[in-house]
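Undergrad: Quick one: this structure, given as structure tokens, is what I'll be asking you about.
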Amino acid sequence: MAYNLLKGKRGIIFGALDENSIAWKTAERVHEEGGSFVLTNAPIAMRMGQINALAEKTNSMIVPADATNMEDLENLVNQAVEHLGGKLDFVLHSIGMSVNVRKGKHYTDQNYDWTEKGWDVSALSFHKTMQVLYKKDAMNEWGSIVALTYMAAQRVFPDYNDMADNKAYLESIARSFGYFFGKDKKVRVNTISQSPTPTTAGQGVKGFDGFIAYAEKMSPLGNATALDCANYTVSLFSDLTKRVTLQNLYNDGGFSNMGVSNEVMEAFMK
Ligand SMILES: NC(=O)c1ccc[n+]([C@@H]2O[C@H](COP(=O)([O-])OP(=O)(O)OC[C@H]3O[C@@H](n4cnc5c(N)ncnc54)[C@H](O)[C@@H]3O)[C@@H](O)[C@H]2O)c1
């Protein structure tokens, strides 16, 4: 169901790789709600991905950008403002990658070059994106910036590896930059902490199937889907949440406040 919540709003959506991507679902929902946007992803990912189909479906332009590269980000923001015909109202940062995870390096045996690369892609890229938007004064007042995160920033999930540290850093950037964006430009900055979701990035985590099944049984409402996350993001981009900022918001069916559920207990009772 569409409510025209984003009618006339303009933005940038990072991270739509394929139709399972949370950013993909978000782009579809933002389009349905009347928003217009530029889609972006790393140049290398676009060769693998199907982003052209999404661009056609949502009538949007694609501007490739490596989110760790300042020149790419500057070009992206310039092109988005020019193409969309004015300053931006929303930005979704939906980017994550750990080389240590990809290559099966254990947390206690990190390759620090890989750690730095994953940190740059998954966390610092959020600061870089906001710094470019801030310096160019590219956001409209009451605009909204959202990044996606996971609860391993607060609690231990052993196989989430160095992504846990990257997410803690990402959430801190949201607060620290959110202060200046709020004070100086009346722009809000939040992170959504999403349930495990079957996407390319999600399935890269070792033991993901067990992980997602466990979370499903622990959460009174079950795991939040990519579409649920897209809907929550739409609400944060809309004018209905104007003074929500500096928050890490759980979209997880209640998982984060659970101790144990009856279903999980039953698995241990003889
Ligand atoms: N899937 C889950 O279980 C889950 C749970 C909580 C949070 N998240 C977060 O949601 C976000 C989106 O991930 P997803 O699950 O939709 O997976 P996904 O694999 O579909 O998306 C990750 C995206 O990051 C992009 N990316 C990687 N390096 C990049 C770079 N240098 N520059 C620009 N883009 C780059 C990829 O191309 C891809 O589009 C990530 O931040 C992820 O950590 C995912």
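Here, A, B, ... name the chains of the structure tokens in the order displayed, residue numbers run from 1 inside each chain, and ligands are numbered from 1 in the same displayed order.
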Given a cut-off of 7 Å, what residues near ligand 1 show up using only C-alpha atoms and all ligand atoms, put as number ranges by chain?

TA: A: 14-18, 20-23, 41-42, 45, 65-68, 94-97, 121-122, 147-150, 193-203

Undergrad: Give me the residues within 8 Å of stretch 81-91 of chain A as a ChimeraX atom specification, counting only C-alpha atoms and dropping any in the same chain fewer than 4 places off.

TA: /A:9-14,36-38,77,138-146,237

Undergrad: Convert the current residue selection to file output with C-alpha atoms, as a PDB file, in the first residue's frame.

TA:
```pdb
ATOM      1  CA  LYS A   9      11.421  14.218  -2.174  1.00  0.00           C
ATOM      2  CA  ARG A  10      14.822  13.556  -3.762  1.00  0.00           C
ATOM      3  CA  GLY A  11      17.663  11.352  -2.628  1.00  0.00           C
ATOM      4  CA  ILE A  12      20.461   8.851  -3.141  1.00  0.00           C
ATOM      5  CA  ILE A  13      20.219   5.096  -2.490  1.00  0.00           C
ATOM      6  CA  PHE A  14      23.489   3.194  -2.039  1.00  0.00           C
ATOM      7  CA  SER A  36      12.845  10.188  -6.847  1.00  0.00           C
ATOM      8  CA  PHE A  37      16.480   9.184  -6.489  1.00  0.00           C
ATOM      9  CA  VAL A  38      19.828   8.302  -7.961  1.00  0.00           C
ATOM     10  CA  VAL A  77      26.427  14.164  -5.045  1.00  0.00           C
ATOM     11  CA  ALA A 138      23.541  19.251  -0.500  1.00  0.00           C
ATOM     12  CA  MET A 139      20.786  18.311   1.994  1.00  0.00           C
ATOM     13  CA  ASN A 140      17.500  20.181   2.434  1.00  0.00           C
ATOM     14  CA  GLU A 141      16.415  21.155   5.943  1.00  0.00           C
ATOM     15  CA  TRP A 142      14.510  18.326   7.635  1.00  0.00           C
ATOM     16  CA  GLY A 143      16.266  15.834   5.358  1.00  0.00           C
ATOM     17  CA  SER A 144      17.001  12.330   6.625  1.00  0.00           C
ATOM     18  CA  ILE A 145      20.084  10.106   6.393  1.00  0.00           C
ATOM     19  CA  VAL A 146      19.856   6.402   7.301  1.00  0.00           C
ATOM     20  CA  PHE A 237      12.625   9.543   5.251  1.00  0.00           C
TER      21      PHE A 237
END
```

Undergrad: Would you mind listing what lies within 12 Å of A:Gln247 as number ranges by chain, with only C-alpha atoms counted and same-chain residues fewer than 5 positions away left out?

TA: A: 145-149, 170-179, 188-193, 236, 241

Undergrad: List as a list in words the protein and nucleic acid residues near A:Lys128, meaning an atom at most 10 Å away when only C-alpha atoms are counted, but skip any in the same chain fewer than 5 places from it.

TA: Ala67, Thr68, Asn69, Met70, Leu73, Glu74, Asp120, Ala123, Leu133 and Tyr134 of chain A

Undergrad: Could you write those residues out with N, CA and C atoms, as a CSV table (one decimal), in the first residue's frame?

TA:
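Written output follows (again-v6.csv):
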```csv
chain,number,residue,atom,x,y,z
A,67,ALA,N,32.2,3.9,-2.5
A,67,ALA,CA,31.9,4.7,-1.3
A,67,ALA,C,33.1,5.0,-0.4
A,68,THR,N,34.3,4.5,-0.8
A,68,THR,CA,35.5,4.8,0.0
A,68,THR,C,36.3,5.9,-0.7
A,69,ASN,N,35.8,6.3,-1.9
A,69,ASN,CA,36.6,7.3,-2.7
A,69,ASN,C,35.9,8.6,-2.7
A,70,MET,N,36.6,9.6,-2.2
A,70,MET,CA,36.1,11.0,-2.1
A,70,MET,C,35.7,11.6,-3.4
A,73,LEU,N,32.5,10.1,-4.6
A,73,LEU,CA,31.4,10.6,-3.8
A,73,LEU,C,31.0,12.0,-4.2
A,74,GLU,N,32.0,12.9,-4.4
A,74,GLU,CA,31.7,14.3,-4.8
A,74,GLU,C,31.0,14.3,-6.2
A,120,ASP,N,36.9,0.7,6.1
A,120,ASP,CA,36.7,1.8,5.2
A,120,ASP,C,35.4,1.6,4.4
A,123,ALA,N,32.2,1.3,7.4
A,123,ALA,CA,32.0,2.3,8.4
A,123,ALA,C,32.4,3.7,8.0
A,133,LEU,N,28.2,15.5,1.7
A,133,LEU,CA,26.9,16.1,1.7
A,133,LEU,C,26.9,17.4,2.5
A,134,TYR,N,27.6,17.4,3.6
A,134,TYR,CA,27.7,18.5,4.5
A,134,TYR,C,28.4,19.7,3.9
```

Undergrad: Of the residues A:His93, A:Arg29, A:Asn262, A:Thr108, which is the one nearest to A:Phe126, using only C-alpha atoms?

TA: A:His93

Undergrad: May I ask which of the residues A:Met46, A:Val156, A:Val99, A:Met218 is the closest one to A:Gly254, counting only C-alpha atoms?

TA: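 Distance minimum relative to A:Gly254 lands on A:Met218.
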
Undergrad: Please return as an MDAnalysis selection string: the residues of stretch 36-195 of chain A that backbone DSSP assigns to alpha helix (DSSP H).

TA: chainID A and resid 43:48 51:58 70:84 99:102 112:119 125:135 163:185
